[in-house]
$ cat start25.cif   # mmCIF, C-alpha atoms
data_entry
loop_
_atom_site.label_atom_id
_atom_site.label_comp_id
_atom_site.auth_asym_id
_atom_site.auth_seq_id
_atom_site.Cartn_x
_atom_site.Cartn_y
_atom_site.Cartn_z
CA MET A 270 5.38 -17.58 -14.39
CA ASN A 271 6.36 -20.27 -11.93
CA GLU A 272 10.15 -20.53 -11.86
CA SER A 273 10.39 -23.31 -9.32
CA GLU A 274 11.67 -26.74 -10.25
CA PRO A 275 8.92 -29.21 -11.11
CA ALA A 276 7.94 -31.46 -8.26
CA PRO A 277 8.50 -35.19 -8.65
CA THR A 278 4.75 -35.82 -8.38
CA ARG A 279 1.70 -33.70 -9.01
CA GLY A 280 -0.98 -35.59 -7.11
CA PRO A 281 -3.95 -34.12 -5.23
CA ARG A 282 -1.93 -33.66 -2.03
CA ALA A 283 0.79 -31.73 -3.84
CA LEU A 284 -1.84 -29.53 -5.46
CA LEU A 285 -3.48 -28.79 -2.12
CA ARG A 286 -0.10 -27.93 -0.58
CA SER A 287 0.58 -25.46 -3.40
CA LEU A 288 -2.78 -23.75 -2.88
CA ARG A 289 -3.08 -23.43 0.88
CA PRO A 290 -1.67 -20.28 2.47
CA ASP A 291 2.02 -20.38 3.42
CA LEU A 292 2.03 -20.04 7.23
CA THR A 293 5.82 -19.89 7.55
CA PRO A 294 5.94 -16.21 8.64
CA TRP A 295 3.34 -16.93 11.33
CA HIS A 296 5.50 -19.71 12.78
CA SER A 297 8.88 -18.04 12.38
CA SER A 298 8.20 -14.54 13.75
CA ARG A 299 6.51 -13.74 17.05
CA ASP A 300 6.34 -10.05 16.13
CA PHE A 301 4.59 -10.88 12.87
CA ARG A 302 1.97 -12.87 14.79
CA LEU A 303 1.34 -9.90 17.09
CA LEU A 304 1.18 -7.47 14.18
CA TRP A 305 -1.15 -9.80 12.25
CA LEU A 306 -3.52 -10.20 15.19
CA SER A 307 -3.50 -6.45 15.76
CA GLY A 308 -4.43 -5.95 12.11
CA CYS A 309 -7.30 -8.43 12.36
CA VAL A 310 -8.78 -6.62 15.34
CA THR A 311 -8.30 -3.14 13.91
CA SER A 312 -9.66 -4.11 10.50
CA LEU A 313 -12.90 -5.37 12.00
CA GLY A 314 -13.33 -2.29 14.16
CA SER A 315 -12.52 0.12 11.35
CA PHE A 316 -15.34 -1.24 9.21
CA LEU A 317 -17.78 -0.41 12.00
CA THR A 318 -16.80 3.25 11.80
CA TYR A 319 -16.48 3.10 8.00
CA VAL A 320 -20.19 2.24 7.79
CA ALA A 321 -21.34 4.33 10.77
CA VAL A 322 -19.94 7.68 9.57
CA PRO A 323 -21.85 7.93 6.26
CA MET A 324 -24.94 6.52 7.95
CA GLN A 325 -24.81 9.19 10.65
CA ILE A 326 -24.26 11.98 8.11
CA LYS A 327 -27.24 10.68 6.10
CA GLU A 328 -29.39 10.72 9.24
CA LEU A 329 -28.28 14.26 10.10
CA THR A 330 -28.62 15.80 6.62
CA GLY A 331 -30.50 13.50 4.27
CA SER A 332 -28.04 14.64 1.59
CA SER A 333 -25.98 12.34 -0.64
CA PHE A 334 -23.69 15.28 -1.38
CA ALA A 335 -22.98 15.70 2.34
CA VAL A 336 -22.09 12.02 2.56
CA GLY A 337 -19.76 12.21 -0.45
CA LEU A 338 -18.07 15.28 0.97
CA VAL A 339 -16.27 13.10 3.52
CA GLY A 340 -13.92 11.91 0.76
CA ALA A 341 -12.92 15.48 -0.06
CA PHE A 342 -11.94 16.10 3.57
CA GLU A 343 -9.90 12.88 3.66
CA LEU A 344 -7.91 12.94 0.43
CA VAL A 345 -5.50 15.87 0.93
CA PRO A 346 -4.50 15.01 4.54
CA LEU A 347 -3.93 11.39 3.53
CA VAL A 348 -1.61 12.34 0.67
CA VAL A 349 0.33 15.07 2.50
CA PHE A 350 0.77 13.22 5.77
CA GLY A 351 1.43 9.96 3.92
CA LEU A 352 4.56 11.45 2.33
CA TRP A 353 5.67 12.95 5.66
CA GLY A 354 4.85 9.69 7.44
CA GLY A 355 7.24 7.92 5.08
CA ALA A 356 10.08 10.21 6.17
CA LEU A 357 9.19 9.62 9.83
CA ALA A 358 9.13 5.84 9.31
CA ASP A 359 12.73 5.93 8.03
CA ALA A 360 13.95 8.07 10.95
CA LEU A 361 12.07 6.71 13.98
CA ASP A 362 11.24 3.41 15.65
CA ARG A 363 8.53 2.09 13.33
CA ARG A 364 6.84 0.08 16.04
CA LYS A 365 6.50 3.19 18.26
CA LEU A 366 5.19 5.23 15.35
CA VAL A 367 2.53 2.62 14.64
CA LEU A 368 1.70 2.35 18.36
CA PHE A 369 1.28 6.09 18.93
CA SER A 370 -0.70 6.65 15.75
CA GLU A 371 -2.94 3.70 16.67
CA ALA A 372 -3.61 5.40 20.00
CA GLY A 373 -4.41 8.63 18.13
CA LEU A 374 -6.88 6.84 15.87
CA GLY A 375 -8.55 5.33 18.93
CA LEU A 376 -8.89 8.76 20.54
CA LEU A 377 -10.39 10.22 17.37
CA THR A 378 -12.96 7.43 17.25
CA GLY A 379 -13.72 8.26 20.87
CA LEU A 380 -14.53 11.82 19.76
CA LEU A 381 -16.99 10.45 17.22
CA LEU A 382 -18.57 8.45 20.04
CA LEU A 383 -18.88 11.51 22.30
CA ASN A 384 -20.49 13.51 19.47
CA ALA A 385 -22.92 10.68 18.75
CA LEU A 386 -23.94 10.56 22.42
CA LEU A 387 -24.97 14.23 22.43
CA PRO A 388 -28.72 14.90 22.53
CA THR A 389 -28.28 16.57 19.12
CA PRO A 390 -25.09 15.38 17.35
CA VAL A 391 -23.23 18.05 15.35
CA LEU A 392 -22.16 17.62 11.72
CA TRP A 393 -18.92 19.61 11.51
CA PRO A 394 -16.97 17.51 14.08
CA ILE A 395 -17.56 14.45 11.91
CA TYR A 396 -15.83 16.14 8.97
CA LEU A 397 -13.04 17.40 11.22
CA VAL A 398 -12.44 13.96 12.70
CA ALA A 399 -12.53 12.41 9.21
CA ALA A 400 -9.73 14.75 8.12
CA LEU A 401 -7.71 14.06 11.28
CA VAL A 402 -8.17 10.31 10.90
CA ALA A 403 -6.92 10.53 7.31
CA ALA A 404 -3.88 12.52 8.45
CA THR A 405 -3.13 10.07 11.28
CA ASP A 406 -3.63 7.11 8.94
CA GLY A 407 -1.21 8.76 6.51
CA LEU A 408 1.38 9.00 9.28
CA GLN A 409 0.84 5.37 10.28
CA ARG A 410 0.57 3.53 6.97
CA PRO A 411 4.18 3.94 5.77
CA ALA A 412 5.52 2.72 9.13
CA LEU A 413 3.03 -0.13 9.18
CA ASP A 414 3.81 -1.20 5.62
CA SER A 415 7.56 -1.01 6.19
CA LEU A 416 7.45 -2.97 9.46
CA THR A 417 7.00 -6.37 7.85
CA PRO A 418 10.39 -6.48 6.03
CA ARG A 419 12.06 -5.85 9.40
CA ILE A 420 10.32 -8.66 11.30
CA VAL A 421 9.98 -11.35 8.60
CA PRO A 422 12.82 -13.19 6.82
CA HIS A 423 13.45 -11.94 3.28
CA ASP A 424 12.33 -15.14 1.57
CA GLN A 425 9.00 -15.12 3.46
CA LEU A 426 7.81 -11.66 2.41
CA THR A 427 5.44 -12.91 -0.30
CA ALA A 428 3.79 -15.27 2.17
CA ALA A 429 3.58 -12.51 4.78
CA PHE A 430 1.77 -10.17 2.39
CA ALA A 431 -0.63 -12.95 1.40
CA LEU A 432 -1.44 -13.61 5.07
CA ASN A 433 -2.03 -9.92 5.70
CA SER A 434 -4.30 -9.81 2.67
CA LEU A 435 -6.23 -12.78 4.04
CA TYR A 436 -7.57 -10.91 7.06
CA ARG A 437 -8.04 -7.67 5.10
CA ASN A 438 -10.13 -9.38 2.44
CA ALA A 439 -12.07 -11.38 5.01
CA GLY A 440 -12.79 -8.12 6.80
CA SER A 441 -13.89 -6.51 3.52
CA VAL A 442 -16.48 -9.25 3.09
CA ALA A 443 -17.70 -9.73 6.66
CA GLY A 444 -16.99 -6.30 8.16
CA PRO A 445 -19.53 -4.17 6.26
CA ALA A 446 -22.25 -6.79 6.73
CA LEU A 447 -21.62 -6.96 10.49
CA ALA A 448 -21.37 -3.18 10.70
CA GLY A 449 -24.66 -2.75 8.87
CA ILE A 450 -26.43 -5.02 11.34
CA ILE A 451 -24.93 -3.25 14.36
CA VAL A 452 -25.72 0.23 13.05
CA ALA A 453 -29.26 -0.76 12.07
CA PHE A 454 -30.19 -2.44 15.34
CA ALA A 455 -27.94 -0.78 17.94
CA GLY A 456 -27.12 2.61 16.44
CA VAL A 457 -23.94 4.39 15.41
CA GLN A 458 -23.02 4.95 19.06
CA THR A 459 -22.58 1.21 19.56
CA ALA A 460 -20.49 0.94 16.40
CA TYR A 461 -18.15 3.71 17.58
CA ALA A 462 -17.90 2.21 21.08
CA LEU A 463 -16.98 -1.22 19.73
CA ASP A 464 -14.36 0.35 17.46
CA VAL A 465 -12.79 2.08 20.47
CA LEU A 466 -12.58 -1.31 22.21
CA THR A 467 -10.86 -2.86 19.18
CA PHE A 468 -8.26 -0.09 19.26
CA ALA A 469 -7.59 -0.87 22.93
CA ALA A 470 -7.06 -4.55 22.09
CA SER A 471 -4.82 -3.66 19.15
CA LEU A 472 -2.67 -1.41 21.37
CA LEU A 473 -2.13 -4.24 23.85
CA LEU A 474 -0.86 -6.47 21.03
CA LEU A 475 1.39 -3.80 19.50
CA ALA A 476 2.87 -2.98 22.92
CA ARG A 477 4.20 -6.55 23.16
CA MET A 478 6.25 -6.23 19.97
CA ARG A 479 9.98 -5.60 20.12
CA ALA A 480 11.39 -2.22 19.18
CA VAL A 481 12.21 -1.66 15.51
CA PRO A 482 14.82 1.13 15.60
CA PRO A 483 15.79 3.05 12.46
CA PRO A 484 18.90 2.05 10.50
CA THR A 485 22.22 3.48 11.61
CA GLY A 486 22.72 6.97 10.17
CA ALA A 487 19.05 7.33 9.20
CA GLU A 488 18.22 10.65 7.57
CA LYS A 489 16.23 13.02 9.76
CA PRO A 490 12.67 13.74 8.61
CA SER A 491 12.57 16.81 6.38
CA LEU A 492 11.32 17.98 3.02
CA ARG A 493 14.77 17.16 1.68
CA ALA A 494 14.37 13.59 2.92
CA VAL A 495 10.96 13.35 1.24
CA ALA A 496 12.49 14.66 -2.02
CA ALA A 497 15.31 12.10 -1.74
CA GLY A 498 12.73 9.34 -1.49
CA VAL A 499 10.91 10.60 -4.58
CA ARG A 500 14.24 10.74 -6.49
CA TYR A 501 14.97 7.14 -5.50
CA ALA A 502 11.54 6.06 -6.77
CA TRP A 503 12.21 7.87 -10.06
CA SER A 504 15.56 6.11 -10.43
CA ARG A 505 13.89 2.70 -10.21
CA LYS A 506 11.98 2.26 -13.46
CA ASP A 507 10.74 -1.16 -12.35
CA LEU A 508 9.16 0.44 -9.28
CA LEU A 509 7.74 3.23 -11.43
CA GLY A 510 6.13 0.51 -13.51
CA THR A 511 4.32 -0.92 -10.49
CA TYR A 512 2.99 2.52 -9.53
CA ALA A 513 2.02 3.40 -13.09
CA ILE A 514 0.22 0.12 -13.81
CA ASP A 515 -1.72 0.25 -10.54
CA THR A 516 -2.76 3.85 -11.22
CA CYS A 517 -3.76 2.94 -14.78
CA ALA A 518 -5.90 0.03 -13.60
CA MET A 519 -7.71 2.13 -11.00
CA LEU A 520 -8.12 5.20 -13.22
CA PHE A 521 -9.73 3.34 -16.11
CA ALA A 522 -11.36 0.31 -14.49
CA PHE A 523 -12.63 1.23 -11.02
CA PRO A 524 -16.37 1.81 -11.56
CA VAL A 525 -17.49 1.44 -7.93
CA ALA A 526 -19.13 4.89 -7.95
CA ILE A 527 -21.66 3.83 -10.59
CA PHE A 528 -22.59 0.42 -9.12
CA PRO A 529 -26.00 1.72 -7.95
CA PHE A 530 -26.79 2.78 -11.52
CA LEU A 531 -25.44 -0.47 -12.98
CA ALA A 532 -27.66 -2.51 -10.65
CA SER A 533 -30.70 -0.47 -11.70
CA GLU A 534 -29.87 -0.81 -15.39
CA LEU A 535 -29.70 -4.59 -14.95
CA HIS A 536 -33.09 -4.49 -13.15
CA ALA A 537 -31.45 -5.97 -10.07
CA ASP A 538 -31.39 -3.39 -7.31
CA TRP A 539 -30.97 -6.28 -4.87
CA ALA A 540 -27.49 -6.88 -6.36
CA LEU A 541 -25.97 -3.60 -5.19
CA GLY A 542 -24.61 -5.09 -1.97
CA PRO A 543 -23.20 -8.18 -3.71
CA MET A 544 -21.57 -5.90 -6.32
CA TYR A 545 -19.66 -4.09 -3.60
CA ALA A 546 -18.66 -7.39 -1.99
CA ALA A 547 -17.87 -9.41 -5.15
CA SER A 548 -14.33 -8.13 -5.69
CA ALA A 549 -13.50 -8.75 -2.03
CA VAL A 550 -14.80 -12.31 -2.38
CA GLY A 551 -12.50 -12.87 -5.35
CA ALA A 552 -9.56 -11.37 -3.50
CA LEU A 553 -10.30 -13.51 -0.44
CA ALA A 554 -10.35 -16.64 -2.62
CA VAL A 555 -6.89 -15.81 -3.94
CA SER A 556 -5.57 -15.04 -0.45
CA ALA A 557 -6.90 -18.34 0.86
CA THR A 558 -5.16 -20.27 -1.95
CA SER A 559 -2.00 -18.18 -2.16
CA GLY A 560 0.67 -20.77 -1.40
CA TRP A 561 1.74 -20.90 -5.05
CA THR A 562 2.73 -17.22 -5.06
CA SER A 563 5.82 -17.87 -2.92
CA ALA A 564 7.34 -19.90 -5.76
CA ILE A 565 7.15 -17.04 -8.29
CA HIS A 566 10.23 -14.89 -8.88
CA ARG A 567 9.24 -12.75 -11.88
CA GLN A 568 6.83 -10.49 -10.05
CA GLY A 569 6.90 -7.85 -12.81
CA ARG A 570 5.34 -10.26 -15.29
CA MET A 571 2.95 -11.46 -12.62
CA LEU A 572 1.83 -7.88 -12.05
CA VAL A 573 1.28 -7.17 -15.76
CA VAL A 574 -0.73 -10.36 -16.32
CA ALA A 575 -2.87 -9.66 -13.24
CA ALA A 576 -3.56 -6.05 -14.31
CA LEU A 577 -4.59 -7.30 -17.76
CA GLY A 578 -6.91 -9.76 -16.04
CA TRP A 579 -8.45 -6.95 -14.00
CA GLY A 580 -9.12 -4.88 -17.13
CA ALA A 581 -10.46 -7.85 -19.10
CA ALA A 582 -12.83 -8.84 -16.28
CA MET A 583 -14.17 -5.28 -16.04
CA THR A 584 -14.65 -5.22 -19.81
CA LEU A 585 -16.74 -8.39 -19.66
CA ALA A 586 -18.71 -7.03 -16.70
CA GLY A 587 -19.68 -3.96 -18.75
CA LEU A 588 -20.62 -5.97 -21.82
CA SER A 589 -22.72 -8.52 -19.95
CA GLY A 590 -26.46 -8.13 -19.57
CA SER A 591 -26.69 -10.80 -16.89
CA VAL A 592 -26.34 -9.67 -13.29
CA TRP A 593 -24.92 -13.06 -12.30
CA LEU A 594 -22.22 -12.85 -14.95
CA VAL A 595 -21.45 -9.29 -13.82
CA LEU A 596 -20.98 -10.50 -10.24
CA PHE A 597 -18.76 -13.34 -11.45
CA CYS A 598 -16.64 -10.91 -13.49
CA LEU A 599 -16.30 -8.56 -10.51
CA ALA A 600 -15.11 -11.49 -8.40
CA LEU A 601 -12.57 -12.39 -11.11
CA ALA A 602 -11.41 -8.77 -11.13
CA GLY A 603 -10.96 -8.85 -7.36
CA GLY A 604 -8.89 -12.02 -7.60
CA ALA A 605 -6.71 -10.46 -10.30
CA ASP A 606 -6.26 -7.34 -8.18
CA GLN A 607 -5.16 -9.46 -5.24
CA ILE A 608 -2.54 -11.22 -7.39
CA SER A 609 -1.38 -7.81 -8.57
CA GLY A 610 -1.13 -6.62 -4.97
CA ILE A 611 0.98 -9.63 -3.98
CA ALA A 612 3.34 -8.98 -6.89
CA ARG A 613 3.69 -5.27 -6.09
CA SER A 614 4.25 -5.81 -2.39
CA THR A 615 6.84 -8.52 -2.98
CA MET A 616 8.82 -6.34 -5.37
CA TRP A 617 8.70 -3.38 -3.00
CA ASN A 618 9.64 -5.32 0.13
CA GLN A 619 12.33 -7.48 -1.47
CA SER A 620 14.17 -4.79 -3.42
CA ILE A 621 13.85 -1.46 -1.55
CA PRO A 622 16.63 -0.72 0.98
CA ASP A 623 15.46 -0.36 4.55
CA GLU A 624 16.77 3.21 4.84
CA VAL A 625 14.23 4.45 2.27
CA ARG A 626 11.49 1.86 2.78
CA GLY A 627 9.25 4.18 4.78
CA ARG A 628 9.43 6.94 2.19
CA MET A 629 8.67 4.47 -0.56
CA ALA A 630 5.64 3.34 1.42
CA GLY A 631 4.56 6.99 1.42
CA VAL A 632 4.91 7.13 -2.37
CA GLU A 633 2.92 3.88 -2.62
CA LEU A 634 0.21 5.39 -0.44
CA LEU A 635 0.03 8.32 -2.84
CA SER A 636 -0.26 6.06 -5.88
CA TYR A 637 -2.99 3.79 -4.55
CA SER A 638 -4.97 6.63 -2.97
CA LEU A 639 -5.20 8.86 -6.03
CA GLY A 640 -6.00 6.09 -8.54
CA PRO A 641 -9.34 4.97 -7.04
CA GLN A 642 -10.43 8.56 -6.37
CA LEU A 643 -9.73 9.61 -9.97
CA GLY A 644 -11.24 6.36 -11.22
CA GLN A 645 -14.57 7.13 -9.58
CA VAL A 646 -14.60 10.58 -11.18
CA ARG A 647 -13.78 9.01 -14.56
CA ALA A 648 -16.49 6.34 -14.22
CA GLY A 649 -19.18 8.81 -13.16
CA GLY A 650 -18.34 11.40 -15.79
CA MET A 651 -18.13 8.88 -18.61
CA ALA A 652 -21.38 7.23 -17.53
CA GLY A 653 -23.11 10.57 -17.98
CA LEU A 654 -21.73 10.88 -21.52
CA VAL A 655 -21.98 7.37 -22.97
CA GLY A 656 -24.04 5.36 -20.50
CA VAL A 657 -23.37 3.22 -17.46
CA ARG A 658 -22.45 -0.09 -19.07
CA ALA A 659 -20.35 1.63 -21.74
CA SER A 660 -18.44 3.42 -18.99
CA VAL A 661 -17.62 0.04 -17.40
CA TRP A 662 -16.57 -1.87 -20.51
CA ALA A 663 -14.76 1.03 -22.17
CA GLY A 664 -12.82 1.67 -18.97
CA GLY A 665 -11.82 -1.99 -18.80
CA ALA A 666 -10.68 -1.95 -22.42
CA ALA A 667 -8.71 1.25 -21.84
CA CYS A 668 -7.05 -0.43 -18.86
CA VAL A 669 -5.91 -3.35 -21.03
CA VAL A 670 -4.49 -1.01 -23.67
CA GLY A 671 -2.81 1.19 -21.05
CA VAL A 672 -1.21 -1.73 -19.23
CA LEU A 673 0.18 -3.15 -22.48
CA ALA A 674 1.60 0.26 -23.42
CA LEU A 675 3.23 0.72 -20.00
CA ALA A 676 4.71 -2.78 -20.07
CA ALA A 677 6.22 -2.08 -23.49
CA ALA A 678 7.61 1.27 -22.31
CA LEU A 679 9.15 -0.17 -19.11
CA PRO A 680 11.04 -3.34 -20.07
CA SER A 681 12.83 -3.39 -16.69
CA LEU A 682 9.50 -4.29 -15.10
CA LEU A 683 9.07 -7.37 -17.29
CA SER A 684 12.68 -8.44 -16.79
CA TYR A 685 12.56 -8.17 -12.98
CA ASP A 686 13.62 -11.42 -11.29
CA SER A 687 13.93 -11.44 -7.51
CA ARG A 688 16.75 -14.02 -7.67
CA THR A 689 19.04 -11.91 -9.85
CA ASP A 690 17.87 -8.29 -9.60
CA PRO A 691 20.80 -6.32 -8.10
CA ASN A 692 18.54 -4.35 -5.77
CA ALA A 693 16.85 -7.49 -4.46
CA VAL A 694 20.22 -9.25 -4.06
CA ALA A 695 21.63 -6.30 -2.09
CA VAL A 696 18.57 -6.08 0.18
CA ARG A 697 18.66 -9.85 0.76
CA ALA A 698 22.34 -9.69 1.73
CA GLU A 699 21.73 -6.80 4.14
CA HIS A 700 18.80 -8.64 5.66
CA GLU A 701 20.94 -11.72 6.24
CA ARG A 702 23.65 -9.59 7.88
CA SER A 703 21.07 -8.01 10.17
CA GLU A 704 19.73 -11.41 11.14
CA ALA A 705 23.23 -12.63 11.89
CA ARG A 706 23.94 -9.60 14.08
CA ARG A 707 20.68 -10.04 15.92
CA ALA A 708 21.39 -13.72 16.52
CA ALA A 709 24.88 -12.90 17.81
CA VAL A 710 23.49 -10.32 20.26
CA GLY A 711 20.57 -12.49 21.33
#
$ encode --input "start25.cif" --output "structure tokens"
Amino acid sequence: MNESEPAPTRGPRALLRSLRPDLTPWHSSRDFRLLWLSGCVTSLGSFLTYVAVPMQIKELTGSSFAVGLVGAFELVPLVVFGLWGGALADALDRRKLVLFSEAGLGLLTGLLLLNALLPTPVLWPIYLVAALVAATDGLQRPALDSLTPRIVPHDQLTAAFALNSLYRNAGSVAGPALAGIIVAFAGVQTAYALDVLTFAASLLLLARMRAVPPPTGAEKPSLRAVAAGVRYAWSRKDLLGTYAIDTCAMLFAFPVAIFPFLASELHADWALGPMYAASAVGALAVSATSGWTSAIHRQGRMLVVAALGWGAAMTLAGLSGSVWLVLFCLALAGGADQISGIARSTMWNQSIPDEVRGRMAGVELLSYSLGPQLGQVRAGGMAGLVGVRASVWAGGAACVVGVLALAAALPSLLSYDSRTDPNAVAVRAEHERSEARRAAVG
């Protein structure tokens, strides 16, 4: 719901201004520009390796099971080190943590390159590196996610997340296509080498950022600190609502694993690639027209409506017998998911105190890592029992019912208003004090 005052006129120019991305964070924060550019470079490079790894395993083994096994090696390290990374992000300089972990990821990609250059590449190092990359990514993500509230003014956080989503979604559309061409014509070695170069460029950008030291009196990283973060998350029922709704949406309505079977059932094997890309196209469209999101203050309602849209779009995709309508529904679902992501990120960044922000980012990492993994298991298992299309539409319908039930059970989520919520007000006041102190020193 848009809570802003109505504009005096609603002509075409006003409409265009409300749709175009809000570039205020880009202009107001040099560190945000550096971080954004680093993300663009890293995102592109990461897709090269994302495509090259399964392709190399397929070439080495010819086994789909061996390819799928990569996910099993990645999941546990990502979850465990994600929670620990959250504690580190609250206790250390977040910029240094991101910088060092970025260097570690670059070195690990270099190991993949060295293995690929061997006369006979070996399989087990690929699995080992995949696990180490997941662990390093788990250490980095909480610090990376909690950096933005420290370098962007409080009232620009929605716009900042939308701008970050813009390059991520653009990379999700263009990255795999570019990676596929490079791997097909130049080999996995070239893909790994180019990814190493993107890490080098990213490190140069991150090194130019200012230090982001931990808050005064920050709690040292420990299991007790991790437990304190989990207790804080439990005390915030509005935050629990964001985690629960996201997990519900992914558990019931994330049928990516059965897209190959859905394409075959629709007699459109050619549509498999577009199916994978459709949701990213929808998300990119929302990111590119996201200016209106900065005017919304009731992010809890925004999240619920978007999650219902995701489930409804997946329901229609399962019921449709037209491949074109399926692709359109998947794009709608991607757009709804992007709106949901903007709402979640804004609530998290605007209302979580800086001293626990890293640990909350670790909890977030847990919630949006487990949901898609479990969702793929649900989709595949249900498809075997009731059929592919039934698995898609029934999952979408279950998502709608689950989201409505969670919204009814967590009224604090629906009542959240960033202008009056006590947590958001307190974080805004602390942010303003920090800005004033920084201006006085500088």
$ resolve_selection --input "start25.cif" --expression "the PyMOL selection byres ((chain A and resi 603-611) around 9)" --output "VMD selection string"
chain A and resid 427 to 428 430 to 431 434 515 547 to 556 559 562 568 571 to 579 582 598 to 602 612 to 616
$ resolve_selection --input "start25.cif" --expression "the PyMOL selection byres ((chain A and resi 531) around 12)" --output "PyMOL selection string"
chain A and resi 524-530+532-542+544-545+586-592+595-596+648-649+652+656-662
$ closest_residue --input "start25.cif" --among "A:Ala677, A:Ala356, A:Ala695, A:Leu338" --to "A:Pro490" --atoms "only C-alpha atoms"
A:Ala356
$ closest_residue --input "start25.cif" --among "A:Ala678, A:Leu306, A:Ala693, A:Gln645" --to "A:Ala470" --atoms "all atoms listed in the file"
A:Leu306
$ residues_near_point --input "start25.cif" --point "(3.7, 5.2, 9.5)" --cutoff "12 Å" --atoms "only C-alpha atoms" --output "PyMOL selection string"
chain A and resi 347+350-371+404-416+626-631+634
$ resolve_selection --input "start25.cif" --expression "the PyMOL selection byres ((chain A and resi 501) around 12)" --output "list in words"
Ala494, Val495, Ala496, Ala497, Gly498, Val499, Arg500, Ala502, Trp503, Ser504, Arg505, Lys506, Asp507, Leu508, Leu509, Ile621, Pro622, Glu624, Val625, Arg626, Arg628, Met629 and Val632 of chain A
$ closest_residue --input "start25.cif" --among "A:Pro418, A:Gly580, A:Gly640, A:Gly314" --to "A:Val670" --atoms "all atoms listed in the file"
A:Gly580
$ residues_around --input "start25.cif" --residues "A:Glu704" --least-positions-apart "6" --cutoff "12 Å" --atoms "only C-alpha atoms" --output "list in words"
Pro418, Arg419, Ile420, Val421, Pro422, His423, Arg697, Ala698, Val710 and Gly711 of chain A
$ closest_residue --input "start25.cif" --among "A:Glu633, A:Val336, A:Ser703, A:Gly569" --to "A:Asp690" --atoms "all atoms listed in the file"
A:Gly569
$ atom_distance --input "start25.cif" --atom1 "atom CA of A:Trp617" --atom2 "atom CA of A:Tyr512"
10.5 Å
$ closest_residue --input "start25.cif" --among "A:Leu654, A:Leu329, A:Ala666, A:Ala403" --to "A:Leu585" --atoms "all atoms listed in the file"
A:Ala666
$ atom_distance --input "start25.cif" --atom1 "atom CA of A:Pro484" --atom2 "atom CA of A:Asp623"
7.3 Å
$ atom_distance --input "start25.cif" --atom1 "atom CA of A:Arg477" --atom2 "atom CA of A:Asp300"
8.1 Å
$ closest_residue --input "start25.cif" --among "A:Val339, A:Leu673, A:Gln425, A:Gly379" --to "A:Trp295" --atoms "all atoms listed in the file"
A:Gln425
$ residues_around --input "start25.cif" --residues "A:Thr689" --least-positions-apart "5" --cutoff "12 Å" --atoms "all atoms listed in the file" --output "ChimeraX atom specification"
/A:566-567,619-620,684,694-697
$ write_last_selection --input "start25.cif" --atoms "C-alpha atoms" --output "tab-separated table (two decimals), in the frame of the given file"
chain	number	residue	atom	x	y	z
A	566	HIS	CA	10.23	-14.89	-8.88
A	567	ARG	CA	9.24	-12.75	-11.88
A	619	GLN	CA	12.33	-7.48	-1.47
A	620	SER	CA	14.17	-4.79	-3.42
A	684	SER	CA	12.68	-8.44	-16.79
A	694	VAL	CA	20.22	-9.25	-4.06
A	695	ALA	CA	21.63	-6.30	-2.09
A	696	VAL	CA	18.57	-6.08	0.18
A	697	ARG	CA	18.66	-9.85	0.76
$ axis_aligned_box --input "start25.cif" --around "stretch 503-520 of chain A" --padding-each-side "8 Å" --output "JSON"
{"center_x": 3.7, "center_y": 3.4, "center_z": -12.0, "size_x": 39.7, "size_y": 25.0, "size_z": 21.5}
$ residues_around --input "start25.cif" --residues "stretch 519-523 of chain A" --least-positions-apart "2" --cutoff "6 Å" --atoms "only C-alpha atoms" --output "PDB file with C-alpha atoms, in the coordinates of the input"
ATOM      1  CA  THR A 516      -2.760   3.850 -11.220  1.00  0.00           C
ATOM      2  CA  CYS A 517      -3.760   2.940 -14.780  1.00  0.00           C
ATOM      3  CA  VAL A 525     -17.490   1.440  -7.930  1.00  0.00           C
ATOM      4  CA  GLY A 640      -6.000   6.090  -8.540  1.00  0.00           C
ATOM      5  CA  PRO A 641      -9.340   4.970  -7.040  1.00  0.00           C
ATOM      6  CA  LEU A 643      -9.730   9.610  -9.970  1.00  0.00           C
ATOM      7  CA  GLY A 644     -11.240   6.360 -11.220  1.00  0.00           C
ATOM      8  CA  GLY A 664     -12.820   1.670 -18.970  1.00  0.00           C
ATOM      9  CA  GLY A 665     -11.820  -1.990 -18.800  1.00  0.00           C
ATOM     10  CA  CYS A 668      -7.050  -0.430 -18.860  1.00  0.00           C
TER      11      CYS A 668
END
